Amino acid sequence: MDSKRTFKMKIHGNDYSVDIKDIGDGIASIEVNGTMYEVQFEAERKVSKTPTLTRTPVYTSSTERSKSTAAPEENKGKVVKAPLPGTILEIKRREGDTIKAGDVVLIMEAMKMENNIVSPTDGSITKMNVQQGENVLEAAPLFEIGG
């Protein structure tokens with residue numbers, strides 16, 4: 001990189017004229033008051049403050065897709081677990097209530113959104129494991145469904 005940058009400097013009361021002639025590969029050729037010097041320096045690595053986003057590959061067919069991921073765990077109808085950490089806002093059904101698949105059993109706030117927690121199967125609530133206002137972690141058992 002050819003550069004003709006000239007700087008006037010004062011160091012310990014002495015005036016200097018510094019002319020940068022060339023910079024490249026960690027070596028700069030400079031002229032100070034008419035005398036040429038080669039100066040080695042470490043190039044500063046710039047670190048981006050913006051995170052680098054990477055995209056997962058797009059597959060055009062199911063045969064290209066890797067089989068390394070496991071199938072998500074499904075509720076089998078016995079214990080319903082919290083999908084996310086959150087707070088129980090309202091309990092709509094009580095122990096002993098008969099419910100059908102898709103009935104809203106409780107409302108949970110997670111990530112500033114209200115989520116309806118529904119029954120995955122028909123049956124009756126045999127045990128309610130949470131109370132209104134309680135904070136729960138992800139996968140915490142919320143209620144149990146029996147026959």
# chains A, B, ... in the order shown; residues from 1 in each chain; ligands from 1

call {"tool": "residues_around", "arguments": {"residues": "segment 129-131 of chain A", "least_positions_apart": "3", "cutoff": "10 Å", "atoms": "only C-alpha atoms", "output": "PyMOL selection string"}}
result
chain A and resi 79-81+87-91+95+106+126+134-136+140-144

call {"tool": "atom_distance", "arguments": {"atom1": "atom CA of Gly102 of chain A", "atom2": "atom CA of Asp122 of chain A"}}
result
8.5 Å

call {"tool": "residues_around", "arguments": {"residues": "Asp15 of chain A", "least_positions_apart": "5", "cutoff": "12 Å", "atoms": "only C-alpha atoms", "output": "list of chain:residue names"}}
result
A:Phe7, A:Lys8, A:Met9, A:Lys10, A:Val32, A:Asn33

call {"tool": "residues_around", "arguments": {"residues": "Pro120 of chain A", "least_positions_apart": "5", "cutoff": "12 Å", "atoms": "only C-alpha atoms", "output": "ChimeraX atom specification"}}
result
/A:74-81,99-105,125,143-146

call {"tool": "write_last_selection", "arguments": {"atoms": "C-alpha atoms", "output": "compact mmCIF listing (two decimals), in the first residue's frame"}}
result
# COMPACT_ATOMS: atom_id res chain seq x y z
CA GLU A 74 -44.44 -36.49 23.56
CA ASN A 75 -46.81 -36.47 26.50
CA LYS A 76 -48.21 -40.00 26.67
CA GLY A 77 -51.32 -38.93 28.52
CA LYS A 78 -50.11 -39.51 32.06
CA VAL A 79 -47.99 -36.48 33.10
CA VAL A 80 -48.22 -33.09 31.36
CA LYS A 81 -44.99 -31.10 31.67
CA ILE A 99 -61.45 -33.47 30.62
CA LYS A 100 -61.27 -34.11 26.89
CA ALA A 101 -58.24 -33.86 24.61
CA GLY A 102 -57.65 -30.17 23.81
CA ASP A 103 -59.37 -28.77 26.94
CA VAL A 104 -57.49 -25.88 28.55
CA VAL A 105 -56.38 -27.02 32.01
CA ILE A 125 -57.15 -35.00 36.42
CA PHE A 143 -50.68 -32.20 36.24
CA GLU A 144 -51.41 -35.91 35.81
CA ILE A 145 -54.20 -37.50 33.82
CA GLY A 146 -55.72 -40.85 34.60

call {"tool": "atom_distance", "arguments": {"atom1": "atom CA of Lys92 of chain A", "atom2": "atom CA of Val118 of chain A"}}
result
10.2 Å

call {"tool": "residues_around", "arguments": {"residues": "Phe41 of chain A", "least_positions_apart": "6", "cutoff": "12 Å", "atoms": "only C-alpha atoms", "output": "MDAnalysis selection string"}}
result
chainID A and resid 23:29

call {"tool": "atom_distance", "arguments": {"atom1": "atom CA of Arg94 of chain A", "atom2": "atom CA of Glu109 of chain A"}}
result
18.9 Å

call {"tool": "residues_around", "arguments": {"residues": "Met111 of chain A", "least_positions_apart": "6", "cutoff": "9 Å", "atoms": "only C-alpha atoms", "output": "list in words"}}
result
Leu84, Pro85 and Gly86 of chain A

call {"tool": "decode", "arguments": {"residues": "segment 76-129 of chain A", "atoms": "C-alpha atoms", "output": "JSON list (two decimals), in the first residue's frame"}}
result
[["chain", "number", "residue", "atom", "x", "y", "z"],
["A", 76, "LYS", "CA", -48.21, -40.00, 26.67],
["A", 77, "GLY", "CA", -51.32, -38.93, 28.52],
["A", 78, "LYS", "CA", -50.11, -39.51, 32.06],
["A", 79, "VAL", "CA", -47.99, -36.48, 33.10],
["A", 80, "VAL", "CA", -48.22, -33.09, 31.36],
["A", 81, "LYS", "CA", -44.99, -31.10, 31.67],
["A", 82, "ALA", "CA", -44.21, -27.40, 31.32],
["A", 83, "PRO", "CA", -43.03, -26.58, 27.80],
["A", 84, "LEU", "CA", -41.01, -23.54, 29.04],
["A", 85, "PRO", "CA", -40.04, -21.99, 32.36],
["A", 86, "GLY", "CA", -42.75, -19.61, 33.52],
["A", 87, "THR", "CA", -45.45, -18.66, 36.02],
["A", 88, "ILE", "CA", -48.85, -20.30, 36.52],
["A", 89, "LEU", "CA", -51.40, -17.50, 35.96],
["A", 90, "GLU", "CA", -54.69, -19.39, 36.23],
["A", 91, "ILE", "CA", -55.83, -22.94, 36.92],
["A", 92, "LYS", "CA", -59.01, -23.70, 34.94],
["A", 93, "ARG", "CA", -59.60, -27.30, 36.12],
["A", 94, "ARG", "CA", -59.20, -29.08, 39.48],
["A", 95, "GLU", "CA", -58.33, -32.60, 40.61],
["A", 96, "GLY", "CA", -61.14, -35.01, 39.77],
["A", 97, "ASP", "CA", -62.45, -32.96, 36.82],
["A", 98, "THR", "CA", -63.20, -34.94, 33.65],
["A", 99, "ILE", "CA", -61.45, -33.47, 30.62],
["A", 100, "LYS", "CA", -61.27, -34.11, 26.89],
["A", 101, "ALA", "CA", -58.24, -33.86, 24.61],
["A", 102, "GLY", "CA", -57.65, -30.17, 23.81],
["A", 103, "ASP", "CA", -59.37, -28.77, 26.94],
["A", 104, "VAL", "CA", -57.49, -25.88, 28.55],
["A", 105, "VAL", "CA", -56.38, -27.02, 32.01],
["A", 106, "LEU", "CA", -54.25, -24.04, 33.01],
["A", 107, "ILE", "CA", -52.76, -20.79, 31.68],
["A", 108, "MET", "CA", -49.06, -20.24, 32.06],
["A", 109, "GLU", "CA", -47.03, -17.10, 31.37],
["A", 110, "ALA", "CA", -43.70, -17.79, 29.66],
["A", 111, "MET", "CA", -41.50, -15.17, 27.99],
["A", 112, "LYS", "CA", -44.17, -12.48, 28.57],
["A", 113, "MET", "CA", -46.79, -14.49, 26.68],
["A", 114, "GLU", "CA", -49.80, -16.36, 27.99],
["A", 115, "ASN", "CA", -49.83, -20.03, 26.96],
["A", 116, "ASN", "CA", -52.82, -22.35, 27.22],
["A", 117, "ILE", "CA", -51.75, -25.71, 28.60],
["A", 118, "VAL", "CA", -54.18, -28.27, 27.20],
["A", 119, "SER", "CA", -54.93, -31.89, 27.89],
["A", 120, "PRO", "CA", -53.30, -34.25, 25.37],
["A", 121, "THR", "CA", -55.87, -37.01, 26.01],
["A", 122, "ASP", "CA", -59.33, -37.69, 27.42],
["A", 123, "GLY", "CA", -59.52, -38.65, 31.09],
["A", 124, "SER", "CA", -59.68, -37.03, 34.49],
["A", 125, "ILE", "CA", -57.15, -35.00, 36.42],
["A", 126, "THR", "CA", -55.73, -37.29, 39.08],
["A", 127, "LYS", "CA", -53.18, -34.85, 40.50],
["A", 128, "MET", "CA", -52.52, -31.11, 40.11],
["A", 129, "ASN", "CA", -48.84, -30.49, 40.85]]
